[in-house]
Amino acid sequence: MERIADKCVALLACLALVALTGEVDVVCVVALLVAVGASAGFELARGRRPVAAEAVCCAACVAAALVPGAWAALPLTCYDLPRIRARWVLALAPCCVVWTWLAGLAGGTAAVLLALVACSLALSLRCGRAVGLERQLHGLQDDLQDKVIDLREKNRELEDAREYESHAAALAERTRIAREIHDSVGHQLTRLVLEVEALKVVHRADPDVVAELGELSDGLGEALTSMRASVHALEDSAVDVGVELNRLAGQSGIARVDVACNFEAAPPAEVSRCLVSVTREALTNAARHARAAHATVRAAELPGIWQLRVENDGDVPADAAGLEGRGMGLRGMRERVEGLGGTLLVSSDGRRFSVFASIPRKGQA
């Protein structure tokens with residue numbers, strides 16, 4: 001729009017020059033029409049065919065100078081000269097004015113014409129700088145918008161990481177409490193049960209004492225059983241498959257481990273422990289025996305099964321048969337999975353080693 005406004009000003013300057021000189025004829029009118037057409041052609045062709053557009057602009061300037069009576073169109077034809085890549089063409093504008101003066105144009109009119117041409121060039125340069133600054137501004141706005149989007153994404157990732165860390169810390173605290181209860185209270189109750197049994201042996205000659213000690217032993221046994229059930233329930237609630245898989249990935253010693261855990265509902269405690277155990281053994285083998293640089297862990301919930309796949313790119317044999325007898329923990333993994341009615345498959349294509357486990361969902365298999 002700024003270009004159009006500037007070209008309208010240049011055209012008005014041409015018309016004002018014609019009005020001041022009073023030299024209106026057919027050649028002058030045609031020259032102005034040709035200048036308008038050449039200017040429009042320059043705008044249309046500049047993006048697709050810049051060489052042709054520049055040639056049209058230069059030809060219009062030369063024609064306005066050479067054709068008698070067409071000099072009034074020079075302010076408009078010279079407007080686009082600063083937009084040509086070759087900067088030397090700017091000298092074409094004063095040369096055209098000088099040529100019209102040498103061809104018989106009055107000195108005063110030539111001076112006014114030169115001033116108008118200079119103003120036209122100044123308008124073009126000013127508009128060019130404004131357009132350039134506007135483009136830079138738009139570029140900065142786009143970059144700023146991209147950075148804002150990136151910052152929002154990073155902030156969302158940080159929020160997710162903070163929630164994950166909080167959840168992991170809570171689960172770790174539950175596990176610590178369960179272990180402390182088991183180690184302290186459990187051992188004390190076990191010791192008391194043994195002491196009562198020893199007292200029963202010492203006082204075996206007194207049936208009343210033995211009976212009372214038996215009741216005490218039964219009570220301690222019930223308390224021990226209840227405590228163990230509570231500890232197991234607390235430990236089971238502290239098992240989160242996603243948290244544990246990410247923790248194992250970070251502690252595996254493998255440079256890059258990608259983890260994806262897609263569970264709509266938490267698996268049962270025994271399934272969670274099995275999946276975590278299989279993942280731990282698979283990643284340990286990948287780091288210790290295969291010296292893998294990249295591994296993937298994918299856990300998913302399907303309509304009838306819980307599924308786990310652990311792959312790595314380490315040094316693996318082309319044939320995975322017979323690996324269970326080499327002390328790589330595969331037998332233990334198989335026993336855990338099959339103990340829950342599942343299936344464990346170990347395969348290798350020479351490039352990637354894969355451990356695949358599927359465990360049926362009870363009541364849905």
# chains A, B, ... in the order shown; residues from 1 in each chain; ligands from 1
>>> residues_around(residues="Gly128 of chain A", least_positions_apart="6", cutoff="9 Å", atoms="only C-alpha atoms", output="ChimeraX atom specification")
/A:3,82-83
>>> residues_around(residues="Pro68 of chain A", least_positions_apart="3", cutoff="9 Å", atoms="only C-alpha atoms", output="list of chain:residue names")
A:Val27, A:Cys28, A:Ala64, A:Ala65, A:Trp71, A:Thr100, A:Ala103
>>> write_last_selection(atoms="N, CA and C atoms", output="short mmCIF file (atom, residue, chain, number, x, y, z; two decimals), in the first residue's frame")
data_model
loop_
_atom_site.label_atom_id
_atom_site.label_comp_id
_atom_site.auth_asym_id
_atom_site.auth_seq_id
_atom_site.Cartn_x
_atom_site.Cartn_y
_atom_site.Cartn_z
N VAL A 27 1.38 13.14 -27.12
CA VAL A 27 2.58 12.39 -26.71
C VAL A 27 2.72 12.39 -25.20
N CYS A 28 2.43 13.52 -24.58
CA CYS A 28 2.53 13.62 -23.11
C CYS A 28 1.54 12.68 -22.43
N ALA A 64 11.13 7.66 -22.00
CA ALA A 64 10.63 8.97 -21.57
C ALA A 64 11.63 10.07 -21.85
N ALA A 65 12.93 9.72 -21.84
CA ALA A 65 13.95 10.74 -22.12
C ALA A 65 14.16 10.95 -23.61
N TRP A 71 9.00 13.59 -21.56
CA TRP A 71 9.84 13.76 -20.37
C TRP A 71 9.02 13.93 -19.08
N THR A 100 17.18 15.22 -21.68
CA THR A 100 16.03 16.04 -22.09
C THR A 100 16.40 17.52 -22.15
N ALA A 103 18.28 18.06 -25.22
CA ALA A 103 17.41 17.92 -26.39
C ALA A 103 16.52 19.14 -26.61
#
>>> closest_residue(among="A:Ile149, A:Leu105, A:Glu222, A:Lys7", to="Ser120 of chain A", atoms="only C-alpha atoms")
A:Lys7
>>> closest_atom_pairs(of="segment 217-287 of chain A", to="segment 307-316 of chain A", cutoff="9 Å", atoms="only C-alpha atoms", output="JSON lines")
{"residue": "A:Val257", "atom": "CA", "partner": "A:Asn312", "partner_atom": "CA", "distance": 8.8}
{"residue": "A:Leu275", "atom": "CA", "partner": "A:Leu308", "partner_atom": "CA", "distance": 7.0}
{"residue": "A:Val278", "atom": "CA", "partner": "A:Leu308", "partner_atom": "CA", "distance": 8.7}
{"residue": "A:Thr279", "atom": "CA", "partner": "A:Val310", "partner_atom": "CA", "distance": 6.8}
{"residue": "A:Ala282", "atom": "CA", "partner": "A:Val310", "partner_atom": "CA", "distance": 6.8}
{"residue": "A:Leu283", "atom": "CA", "partner": "A:Val310", "partner_atom": "CA", "distance": 7.8}
{"residue": "A:Ala286", "atom": "CA", "partner": "A:Asn312", "partner_atom": "CA", "distance": 6.4}
{"residue": "A:Ala287", "atom": "CA", "partner": "A:Gly314", "partner_atom": "CA", "distance": 8.1}
>>> write_last_selection(atoms="all heavy atoms", output="PDB file, in the first residue's frame")
ATOM      1  N   VAL A 257      17.264 -44.260  26.800  1.00  0.00           N
ATOM      2  CA  VAL A 257      16.186 -45.235  26.977  1.00  0.00           C
ATOM      3  C   VAL A 257      14.859 -44.504  26.821  1.00  0.00           C
ATOM      4  O   VAL A 257      14.562 -43.579  27.571  1.00  0.00           O
ATOM      5  CB  VAL A 257      16.251 -45.927  28.352  1.00  0.00           C
ATOM      6  CG1 VAL A 257      15.117 -46.946  28.472  1.00  0.00           C
ATOM      7  CG2 VAL A 257      17.599 -46.606  28.562  1.00  0.00           C
ATOM      8  N   LEU A 275       6.045 -56.845  35.703  1.00  0.00           N
ATOM      9  CA  LEU A 275       6.489 -55.995  34.605  1.00  0.00           C
ATOM     10  C   LEU A 275       7.750 -55.229  34.980  1.00  0.00           C
ATOM     11  O   LEU A 275       8.686 -55.097  34.174  1.00  0.00           O
ATOM     12  CB  LEU A 275       5.376 -55.018  34.222  1.00  0.00           C
ATOM     13  CG  LEU A 275       4.085 -55.637  33.665  1.00  0.00           C
ATOM     14  CD1 LEU A 275       3.058 -54.550  33.395  1.00  0.00           C
ATOM     15  CD2 LEU A 275       4.360 -56.439  32.396  1.00  0.00           C
ATOM     16  N   VAL A 278      10.740 -57.751  35.037  1.00  0.00           N
ATOM     17  CA  VAL A 278      11.187 -58.128  33.693  1.00  0.00           C
ATOM     18  C   VAL A 278      11.948 -56.968  33.053  1.00  0.00           C
ATOM     19  O   VAL A 278      12.993 -57.168  32.413  1.00  0.00           O
ATOM     20  CB  VAL A 278       9.979 -58.539  32.829  1.00  0.00           C
ATOM     21  CG1 VAL A 278      10.389 -58.713  31.372  1.00  0.00           C
ATOM     22  CG2 VAL A 278       9.378 -59.834  33.354  1.00  0.00           C
ATOM     23  N   THR A 279      11.443 -55.762  33.210  1.00  0.00           N
ATOM     24  CA  THR A 279      12.130 -54.590  32.648  1.00  0.00           C
ATOM     25  C   THR A 279      13.499 -54.406  33.275  1.00  0.00           C
ATOM     26  O   THR A 279      14.486 -54.125  32.571  1.00  0.00           O
ATOM     27  CB  THR A 279      11.281 -53.327  32.861  1.00  0.00           C
ATOM     28  OG1 THR A 279      10.001 -53.521  32.265  1.00  0.00           O
ATOM     29  CG2 THR A 279      11.953 -52.123  32.239  1.00  0.00           C
ATOM     30  N   ALA A 282      15.827 -57.045  31.846  1.00  0.00           N
ATOM     31  CA  ALA A 282      16.115 -56.823  30.426  1.00  0.00           C
ATOM     32  C   ALA A 282      17.075 -55.658  30.236  1.00  0.00           C
ATOM     33  O   ALA A 282      18.013 -55.733  29.425  1.00  0.00           O
ATOM     34  CB  ALA A 282      14.814 -56.575  29.668  1.00  0.00           C
ATOM     35  N   LEU A 283      16.874 -54.558  30.966  1.00  0.00           N
ATOM     36  CA  LEU A 283      17.778 -53.413  30.842  1.00  0.00           C
ATOM     37  C   LEU A 283      19.154 -53.728  31.415  1.00  0.00           C
ATOM     38  O   LEU A 283      20.176 -53.263  30.881  1.00  0.00           O
ATOM     39  CB  LEU A 283      17.171 -52.197  31.546  1.00  0.00           C
ATOM     40  CG  LEU A 283      15.920 -51.596  30.898  1.00  0.00           C
ATOM     41  CD1 LEU A 283      15.401 -50.418  31.725  1.00  0.00           C
ATOM     42  CD2 LEU A 283      16.210 -51.142  29.465  1.00  0.00           C
ATOM     43  N   ALA A 286      20.913 -55.655  28.795  1.00  0.00           N
ATOM     44  CA  ALA A 286      21.273 -54.804  27.663  1.00  0.00           C
ATOM     45  C   ALA A 286      22.509 -53.969  27.967  1.00  0.00           C
ATOM     46  O   ALA A 286      23.361 -53.749  27.096  1.00  0.00           O
ATOM     47  CB  ALA A 286      20.098 -53.887  27.310  1.00  0.00           C
ATOM     48  N   ALA A 287      22.612 -53.482  29.205  1.00  0.00           N
ATOM     49  CA  ALA A 287      23.765 -52.657  29.562  1.00  0.00           C
ATOM     50  C   ALA A 287      25.002 -53.493  29.856  1.00  0.00           C
ATOM     51  O   ALA A 287      26.115 -53.144  29.460  1.00  0.00           O
ATOM     52  CB  ALA A 287      23.421 -51.792  30.782  1.00  0.00           C
TER      53      ALA A 287
END
>>> atom_distance(atom1="atom CA of Ala38 of chain A", atom2="atom CA of Val62 of chain A")
12.2 Å
>>> closest_residue(among="A:Leu125, A:Cys261, A:Val276, A:Leu216", to="Arg298 of chain A", atoms="only C-alpha atoms")
A:Cys261
>>> closest_residue(among="A:Val337, A:Val34, A:Val18, A:Cys58", to="Cys96 of chain A", atoms="only C-alpha atoms")
A:Cys58
>>> closest_residue(among="A:Ser272, A:Val29, A:Asp146, A:Arg280", to="Gln251 of chain A", atoms="only C-alpha atoms")
A:Arg280
>>> residues_around(residues="Cys57 of chain A", least_positions_apart="5", cutoff="7 Å", atoms="only C-alpha atoms", output="compact mmCIF listing (two decimals) with C-alpha atoms, in the first residue's frame")
# COMPACT_ATOMS: atom_id res chain seq x y z
CA ALA A 38 5.18 0.04 -16.99
CA PHE A 42 7.09 -3.90 -12.78
CA THR A 77 9.28 5.87 -14.43
CA ASP A 80 11.34 1.96 -9.35
>>> atom_distance(atom1="atom CA of Leu151 of chain A", atom2="atom CA of Val297 of chain A")
28.2 Å
>>> atom_distance(atom1="atom CA of Pro267 of chain A", atom2="atom CA of Ala178 of chain A")
20.4 Å
>>> select_by_dssp(residues="segment 170-360 of chain A", states="strand (DSSP E or B)", output="PDB file with C-alpha atoms, in the first residue's frame")
ATOM      1  CA  ARG A 256      19.255 -43.329  25.846  1.00  0.00           C
ATOM      2  CA  VAL A 257      16.186 -45.235  26.977  1.00  0.00           C
ATOM      3  CA  ASP A 258      12.770 -44.297  25.591  1.00  0.00           C
ATOM      4  CA  VAL A 259       9.860 -45.230  27.867  1.00  0.00           C
ATOM      5  CA  ALA A 260       6.189 -45.310  26.931  1.00  0.00           C
ATOM      6  CA  CYS A 261       3.623 -46.520  29.467  1.00  0.00           C
ATOM      7  CA  ASN A 262       0.024 -46.443  28.222  1.00  0.00           C
ATOM      8  CA  HIS A 294      19.759 -47.225  22.920  1.00  0.00           C
ATOM      9  CA  ALA A 295      16.832 -49.135  24.340  1.00  0.00           C
ATOM     10  CA  THR A 296      13.057 -48.802  24.228  1.00  0.00           C
ATOM     11  CA  VAL A 297      10.500 -49.853  26.843  1.00  0.00           C
ATOM     12  CA  ARG A 298       6.863 -50.061  25.774  1.00  0.00           C
ATOM     13  CA  ALA A 299       4.144 -51.075  28.240  1.00  0.00           C
ATOM     14  CA  ALA A 300       0.545 -51.120  27.076  1.00  0.00           C
ATOM     15  CA  GLU A 301      -2.910 -52.137  28.220  1.00  0.00           C
ATOM     16  CA  ILE A 305      -3.762 -58.608  28.220  1.00  0.00           C
ATOM     17  CA  TRP A 306      -1.033 -56.496  29.790  1.00  0.00           C
ATOM     18  CA  GLN A 307       1.843 -56.196  27.349  1.00  0.00           C
ATOM     19  CA  LEU A 308       5.521 -55.276  27.700  1.00  0.00           C
ATOM     20  CA  ARG A 309       8.270 -55.019  25.069  1.00  0.00           C
ATOM     21  CA  VAL A 310      11.909 -54.147  25.818  1.00  0.00           C
ATOM     22  CA  GLU A 311      14.317 -53.748  22.880  1.00  0.00           C
ATOM     23  CA  ASN A 312      17.953 -52.703  22.598  1.00  0.00           C
ATOM     24  CA  THR A 343       3.932 -65.735  27.855  1.00  0.00           C
ATOM     25  CA  LEU A 344       7.517 -64.537  27.396  1.00  0.00           C
ATOM     26  CA  LEU A 345       9.110 -64.370  23.960  1.00  0.00           C
ATOM     27  CA  VAL A 346      12.791 -63.598  23.322  1.00  0.00           C
ATOM     28  CA  SER A 347      13.908 -62.800  19.776  1.00  0.00           C
ATOM     29  CA  SER A 348      16.762 -61.241  17.835  1.00  0.00           C
ATOM     30  CA  PHE A 353      17.292 -57.841  20.813  1.00  0.00           C
ATOM     31  CA  SER A 354      13.692 -57.995  22.000  1.00  0.00           C
ATOM     32  CA  VAL A 355      11.999 -59.272  25.161  1.00  0.00           C
ATOM     33  CA  PHE A 356       8.221 -59.485  24.826  1.00  0.00           C
ATOM     34  CA  ALA A 357       5.883 -60.367  27.708  1.00  0.00           C
ATOM     35  CA  SER A 358       2.103 -60.642  27.722  1.00  0.00           C
ATOM     36  CA  ILE A 359       0.038 -61.324  30.832  1.00  0.00           C
ATOM     37  CA  PRO A 360      -3.708 -62.033  30.613  1.00  0.00           C
TER      38      PRO A 360
END
>>> closest_residue(among="A:Glu212, A:Ala292, A:Leu220, A:Glu54", to="Arg191 of chain A", atoms="only C-alpha atoms")
A:Leu220
